[in-house]
Amino acid sequence: MKNIKRIIAAITALTLSASTPILTYADFYQEPATIKGVLINSESEVAKAAELGVSQVITNFPISWAYQSNMMHAYESYLNALKRAGISVTVIVLNDWAVYPYNPNLLPVSEPTGASYYAFNTLNDDGIRATREVADRVTKKFGNLVSNWVIGNEINDGQAWNYIGSMDIDSYCSHYATAFRTWYDSIKSTNSLARVYIPFDFRWNVGQVAGFKYGAMDMFPRLNQLLRDTDYGIAWHAYPEEFDNPIFSDDRHAMEKSNTYIINLKNLHILTDYMDQADMLSPAGTPRHLILSEQGFTSVSPAHGGECQELQAQCIAEAYQAAAANPHVEAFMLNRLTDVPELVELNYAFGLIDTNGNKKLSWEAYKNAGK
């Protein structure tokens, strides 16, 4: 009887091993040839990005897509198209409210607040478990196609882009660090060469506003204390001070002092000087990876009489030159390849192609930048 049980067990094991695919992962990092990059969000834009001559793109992944097989297949096809084009990929994972019907434990609230995106829920064990499970789901699907991951968006603005509720800065940083480490561990287990980034807008010194918005200057030491054993990087958004004005060279709040209000391409060295401090270095003793993951320069500006394509082209060229001159910068990502009507209505015409599909003057300016 014992022998019969052993035989049945052996047959069962062989059957399972034959029918269950064995997932294997290989370390992967696609080193871009230049820092030149742009935001795109669909496979239909890959050919245009290649024509533009960018070495890397950044793209959004709403976390609700992780529960929709059609979206997962489409995104995988999109990432494969980028890989075939030789373009390095940075993916931003965004916890959108649309995930609620699939896994409400991922959200830190039970009713929508009007925020654009939410923090991954680290307020309870169920939320942390859900975050770990979805991180594994996403990274195991795309791990061999993505070089860089950004966890969330502009986390120093906890009202709009990383909502978890009003709290003091220490609690807020602790919760984000837990979410970041959960994603970091999942990403590194799939691809040890992938880089993982903490995202900030350009506001450096604003203190804490009503427990929702925080100065990056105050968050940096707290997050570093919690995550210094990891090889985290920084994803910075170096916009002009006014989004509807492409000129950044005279931004009055981007000052030449360590406690400046904002940091953009006028005074980027303030950020990189800070990152060069011994306490801020990576576990390897080197400066942490820095990407400028989002910045846009409008071609429609009330301050300049409306349409200002020449000025947009000029400012993009100047911004790229400033980024390339800083040896810490590993990516300069424009927001975006093609205008979207909703943003143009706000005078945020950041694209290199207008809503009718026409290339702006900035297309050639960016294509030739750095040559």
# chains A, B, ... in the order shown; residues from 1 in each chain; ligands from 1
call {"tool": "residues_around", "arguments": {"residues": "Pro246 (chain A)", "least_positions_apart": "5", "cutoff": "7 Å", "atoms": "only C-alpha atoms", "output": "PyMOL selection string"}}
result
chain A and resi 240+297-298+312+315
call {"tool": "residues_around", "arguments": {"residues": "Phe220 (chain A)", "least_positions_apart": "5", "cutoff": "12 Å", "atoms": "only C-alpha atoms", "output": "list in words"}}
result
Ile155, Asn156, Ile169, Asp170, Cys173, Ser174, Ala177, Ile198, Pro199, Phe200, Trp204, Asn205, Tyr214, Gly215, Gln225, Leu226, Leu227, Arg228, Tyr232, Gly233, Ile234, Leu271, Tyr274, Met275, Gln277, Asp279 and Met280 of chain A
call {"tool": "closest_atom_pairs", "arguments": {"of": "region 249-363 of chain A", "to": "region 193-196 of chain A", "cutoff": "12 Å", "atoms": "only C-alpha atoms", "output": "Markdown table"}}
result
| residue | atom | partner | partner_atom | distance |
| --- | --- | --- | --- | --- |
| A:Arg288 | CA | A:Arg195 | CA | 10.3 |
| A:His289 | CA | A:Arg195 | CA | 8.1 |
| A:Leu290 | CA | A:Arg195 | CA | 10.3 |
| A:Ile291 | CA | A:Arg195 | CA | 10.7 |
| A:Glu330 | CA | A:Arg195 | CA | 11.5 |
call {"tool": "atom_distance", "arguments": {"atom1": "CA of Phe350 (chain A)", "atom2": "CA of Gly296 (chain A)"}}
result
5.0 Å
call {"tool": "select_by_dssp", "arguments": {"residues": "region 103-339 of chain A", "states": "alpha helix (DSSP H)", "output": "JSON, numbers by chain"}}
result
{"A": [125, 126, 127, 128, 129, 130, 131, 132, 133, 134, 135, 136, 137, 138, 139, 140, 141, 142, 169, 170, 171, 172, 173, 174, 175, 176, 177, 178, 179, 180, 181, 182, 183, 184, 185, 186, 187, 188, 189, 190, 216, 217, 218, 219, 220, 221, 222, 223, 224, 225, 226, 227, 269, 270, 271, 272, 273, 274, 275, 309, 310, 311, 312, 313, 314, 315, 316, 317, 318, 319, 320, 321, 322, 323, 324]}
call {"tool": "atom_distance", "arguments": {"atom1": "CA of Ala216 (chain A)", "atom2": "CA of Arg132 (chain A)"}}
result
26.0 Å
call {"tool": "atom_distance", "arguments": {"atom1": "CA of Asn335 (chain A)", "atom2": "CA of Gln295 (chain A)"}}
result
5.5 Å
call {"tool": "closest_residue", "arguments": {"among": "A:Ser88, A:Leu94, A:Arg222, A:Arg203", "to": "Ala254 (chain A)", "atoms": "only C-alpha atoms"}}
result
A:Arg203
call {"tool": "residues_around", "arguments": {"residues": "Ala135 (chain A)", "least_positions_apart": "3", "cutoff": "9 Å", "atoms": "only C-alpha atoms", "output": "ChimeraX atom specification"}}
result
/A:130-132,138-140,182-184,186-187
call {"tool": "write_last_selection", "arguments": {"atoms": "all heavy atoms", "output": "mmCIF file, in the first residue's frame"}}
result
data_model
loop_
_atom_site.group_PDB
_atom_site.id
_atom_site.type_symbol
_atom_site.label_atom_id
_atom_site.label_comp_id
_atom_site.auth_asym_id
_atom_site.auth_seq_id
_atom_site.Cartn_x
_atom_site.Cartn_y
_atom_site.Cartn_z
ATOM 1 N N ALA A 130 -1.710 43.268 0.381
ATOM 2 C CA ALA A 130 -2.219 43.544 -0.958
ATOM 3 C C ALA A 130 -1.169 44.248 -1.807
ATOM 4 O O ALA A 130 -1.021 43.963 -3.004
ATOM 5 C CB ALA A 130 -3.488 44.391 -0.879
ATOM 6 N N THR A 131 -0.414 45.162 -1.194
ATOM 7 C CA THR A 131 0.644 45.867 -1.911
ATOM 8 C C THR A 131 1.724 44.892 -2.357
ATOM 9 O O THR A 131 2.206 44.946 -3.499
ATOM 10 C CB THR A 131 1.246 46.966 -1.023
ATOM 11 O OG1 THR A 131 0.224 47.909 -0.667
ATOM 12 C CG2 THR A 131 2.371 47.696 -1.744
ATOM 13 N N ARG A 132 2.095 43.986 -1.478
ATOM 14 C CA ARG A 132 3.115 42.986 -1.828
ATOM 15 C C ARG A 132 2.632 42.091 -2.967
ATOM 16 O O ARG A 132 3.377 41.792 -3.905
ATOM 17 C CB ARG A 132 3.470 42.145 -0.611
ATOM 18 C CG ARG A 132 4.605 41.150 -0.845
ATOM 19 C CD ARG A 132 4.876 40.307 0.391
ATOM 20 N NE ARG A 132 5.098 41.132 1.567
ATOM 21 C CZ ARG A 132 4.288 41.211 2.608
ATOM 22 N NH1 ARG A 132 3.166 40.501 2.627
ATOM 23 N NH2 ARG A 132 4.575 41.976 3.634
ATOM 24 N N VAL A 138 2.912 42.495 -10.884
ATOM 25 C CA VAL A 138 3.384 43.398 -11.938
ATOM 26 C C VAL A 138 4.838 43.133 -12.301
ATOM 27 O O VAL A 138 5.199 43.039 -13.481
ATOM 28 C CB VAL A 138 3.179 44.867 -11.510
ATOM 29 C CG1 VAL A 138 3.812 45.824 -12.509
ATOM 30 C CG2 VAL A 138 1.697 45.174 -11.350
ATOM 31 N N THR A 139 5.682 43.003 -11.295
ATOM 32 C CA THR A 139 7.111 42.863 -11.584
ATOM 33 C C THR A 139 7.444 41.510 -12.195
ATOM 34 O O THR A 139 8.356 41.409 -13.027
ATOM 35 C CB THR A 139 7.951 43.091 -10.319
ATOM 36 O OG1 THR A 139 7.550 42.158 -9.295
ATOM 37 C CG2 THR A 139 7.763 44.499 -9.784
ATOM 38 N N LYS A 140 6.720 40.473 -11.842
ATOM 39 C CA LYS A 140 6.970 39.166 -12.450
ATOM 40 C C LYS A 140 6.497 39.123 -13.898
ATOM 41 O O LYS A 140 7.021 38.355 -14.702
ATOM 42 C CB LYS A 140 6.313 38.065 -11.625
ATOM 43 C CG LYS A 140 7.048 37.799 -10.319
ATOM 44 C CD LYS A 140 6.343 36.762 -9.452
ATOM 45 C CE LYS A 140 7.118 36.541 -8.155
ATOM 46 N NZ LYS A 140 6.423 35.608 -7.230
ATOM 47 N N THR A 182 8.460 47.554 -0.052
ATOM 48 C CA THR A 182 7.698 46.407 -0.550
ATOM 49 C C THR A 182 7.885 46.252 -2.057
ATOM 50 O O THR A 182 8.164 45.152 -2.554
ATOM 51 C CB THR A 182 6.209 46.577 -0.209
ATOM 52 O OG1 THR A 182 6.059 46.706 1.208
ATOM 53 C CG2 THR A 182 5.393 45.397 -0.704
ATOM 54 N N TRP A 183 7.739 47.353 -2.795
ATOM 55 C CA TRP A 183 7.955 47.317 -4.235
ATOM 56 C C TRP A 183 9.421 47.026 -4.566
ATOM 57 O O TRP A 183 9.717 46.239 -5.477
ATOM 58 C CB TRP A 183 7.535 48.641 -4.868
ATOM 59 C CG TRP A 183 6.082 48.699 -5.189
ATOM 60 C CD1 TRP A 183 5.062 49.172 -4.404
ATOM 61 C CD2 TRP A 183 5.467 48.239 -6.393
ATOM 62 N NE1 TRP A 183 3.862 49.047 -5.040
ATOM 63 C CE2 TRP A 183 4.075 48.480 -6.271
ATOM 64 C CE3 TRP A 183 5.940 47.662 -7.567
ATOM 65 C CZ2 TRP A 183 3.171 48.156 -7.284
ATOM 66 C CZ3 TRP A 183 5.048 47.332 -8.580
ATOM 67 C CH2 TRP A 183 3.687 47.580 -8.434
ATOM 68 N N TYR A 184 10.310 47.661 -3.841
ATOM 69 C CA TYR A 184 11.755 47.492 -4.085
ATOM 70 C C TYR A 184 12.154 46.021 -3.965
ATOM 71 O O TYR A 184 12.849 45.476 -4.836
ATOM 72 C CB TYR A 184 12.523 48.343 -3.073
ATOM 73 C CG TYR A 184 14.030 48.297 -3.211
ATOM 74 C CD1 TYR A 184 14.706 49.234 -3.995
ATOM 75 C CD2 TYR A 184 14.794 47.344 -2.528
ATOM 76 C CE1 TYR A 184 16.091 49.217 -4.104
ATOM 77 C CE2 TYR A 184 16.170 47.319 -2.637
ATOM 78 C CZ TYR A 184 16.816 48.256 -3.422
ATOM 79 O OH TYR A 184 18.188 48.226 -3.525
ATOM 80 N N SER A 186 10.288 43.382 -4.249
ATOM 81 C CA SER A 186 9.686 42.606 -5.326
ATOM 82 C C SER A 186 10.436 42.824 -6.635
ATOM 83 O O SER A 186 10.730 41.873 -7.371
ATOM 84 C CB SER A 186 8.213 42.998 -5.489
ATOM 85 O OG SER A 186 7.610 42.258 -6.529
ATOM 86 N N ILE A 187 10.743 44.063 -6.943
ATOM 87 C CA ILE A 187 11.464 44.385 -8.181
ATOM 88 C C ILE A 187 12.836 43.730 -8.200
ATOM 89 O O ILE A 187 13.241 43.088 -9.186
ATOM 90 C CB ILE A 187 11.593 45.914 -8.333
ATOM 91 C CG1 ILE A 187 10.223 46.532 -8.620
ATOM 92 C CG2 ILE A 187 12.596 46.281 -9.432
ATOM 93 C CD1 ILE A 187 10.160 48.028 -8.416
#
call {"tool": "residues_around", "arguments": {"residues": "region 339-346 of chain A", "least_positions_apart": "3", "cutoff": "12 Å", "atoms": "only C-alpha atoms", "output": "MDAnalysis selection string"}}
result
chainID A and resid 39:41 242:245 296:302 306:307 334:336 349:360
call {"tool": "select_by_dssp", "arguments": {"residues": "region 94-193 of chain A", "states": "strand (DSSP E or B)", "output": "VMD selection string"}}
result
chain A and resid 94 to 95 118 148 to 151 157 163
call {"tool": "residues_around", "arguments": {"residues": "Asp276 (chain A)", "least_positions_apart": "5", "cutoff": "10 Å", "atoms": "only C-alpha atoms", "output": "PyMOL selection string"}}
result
chain A and resi 271+281-282+285-288+328
call {"tool": "write_last_selection", "arguments": {"atoms": "C-alpha atoms", "output": "tab-separated table (two decimals), in the first residue's frame"}}
result
chain	number	residue	atom	x	y	z
A	271	LEU	CA	19.82	69.18	-5.33
A	281	LEU	CA	25.34	58.29	-0.60
A	282	SER	CA	24.23	54.83	-1.70
A	285	GLY	CA	29.39	54.88	-1.40
A	286	THR	CA	28.40	56.60	-4.66
A	287	PRO	CA	25.87	59.35	-5.40
A	288	ARG	CA	22.37	57.97	-5.79
A	328	HIS	CA	24.47	63.32	-11.91
call {"tool": "closest_atom_pairs", "arguments": {"of": "region 32-63 of chain A", "to": "region 110-126 of chain A", "cutoff": "12 Å", "atoms": "only C-alpha atoms", "output": "tab-separated table"}}
result
residue	atom	partner	partner_atom	distance
A:Asn60	CA	A:Tyr117	CA	11.9
A:Phe61	CA	A:Tyr117	CA	11.7
A:Pro62	CA	A:Tyr117	CA	9.1
A:Ile63	CA	A:Phe120	CA	9.9
call {"tool": "write_last_selection", "arguments": {"atoms": "all heavy atoms", "output": "PDB file, in the first residue's frame"}}
result
ATOM      1  N   ASN A  60       3.306  55.533 -17.806  1.00  0.00           N
ATOM      2  CA  ASN A  60       2.483  55.301 -16.621  1.00  0.00           C
ATOM      3  C   ASN A  60       1.892  53.897 -16.619  1.00  0.00           C
ATOM      4  O   ASN A  60       1.533  53.368 -17.669  1.00  0.00           O
ATOM      5  CB  ASN A  60       1.340  56.316 -16.565  1.00  0.00           C
ATOM      6  CG  ASN A  60       1.835  57.736 -16.398  1.00  0.00           C
ATOM      7  OD1 ASN A  60       2.712  58.004 -15.592  1.00  0.00           O
ATOM      8  ND2 ASN A  60       1.286  58.651 -17.172  1.00  0.00           N
ATOM      9  N   PHE A  61       1.751  53.333 -15.416  1.00  0.00           N
ATOM     10  CA  PHE A  61       1.036  52.076 -15.255  1.00  0.00           C
ATOM     11  C   PHE A  61       0.048  52.221 -14.105  1.00  0.00           C
ATOM     12  O   PHE A  61       0.412  52.053 -12.930  1.00  0.00           O
ATOM     13  CB  PHE A  61       1.984  50.904 -14.983  1.00  0.00           C
ATOM     14  CG  PHE A  61       1.267  49.575 -14.902  1.00  0.00           C
ATOM     15  CD1 PHE A  61       0.964  48.867 -16.048  1.00  0.00           C
ATOM     16  CD2 PHE A  61       0.865  49.052 -13.671  1.00  0.00           C
ATOM     17  CE1 PHE A  61       0.282  47.647 -15.985  1.00  0.00           C
ATOM     18  CE2 PHE A  61       0.185  47.845 -13.592  1.00  0.00           C
ATOM     19  CZ  PHE A  61      -0.107  47.146 -14.757  1.00  0.00           C
ATOM     20  N   PRO A  62      -1.225  52.555 -14.402  1.00  0.00           N
ATOM     21  CA  PRO A  62      -2.246  52.563 -13.343  1.00  0.00           C
ATOM     22  C   PRO A  62      -2.399  51.162 -12.769  1.00  0.00           C
ATOM     23  O   PRO A  62      -2.525  50.187 -13.514  1.00  0.00           O
ATOM     24  CB  PRO A  62      -3.508  53.010 -14.088  1.00  0.00           C
ATOM     25  CG  PRO A  62      -2.999  53.705 -15.315  1.00  0.00           C
ATOM     26  CD  PRO A  62      -1.754  52.980 -15.695  1.00  0.00           C
ATOM     27  N   ILE A  63      -2.404  51.060 -11.456  1.00  0.00           N
ATOM     28  CA  ILE A  63      -2.334  49.732 -10.827  1.00  0.00           C
ATOM     29  C   ILE A  63      -3.602  48.922 -11.070  1.00  0.00           C
ATOM     30  O   ILE A  63      -3.573  47.675 -10.986  1.00  0.00           O
ATOM     31  CB  ILE A  63      -2.014  49.878  -9.325  1.00  0.00           C
ATOM     32  CG1 ILE A  63      -1.224  48.656  -8.836  1.00  0.00           C
ATOM     33  CG2 ILE A  63      -3.260  50.112  -8.505  1.00  0.00           C
ATOM     34  CD1 ILE A  63       0.151  48.540  -9.447  1.00  0.00           C
TER      35      ILE A  63
END
call {"tool": "closest_residue", "arguments": {"among": "A:Met71, A:Met217, A:Ala369, A:Cys308", "to": "Tyr348 (chain A)", "atoms": "only C-alpha atoms"}}
result
A:Cys308
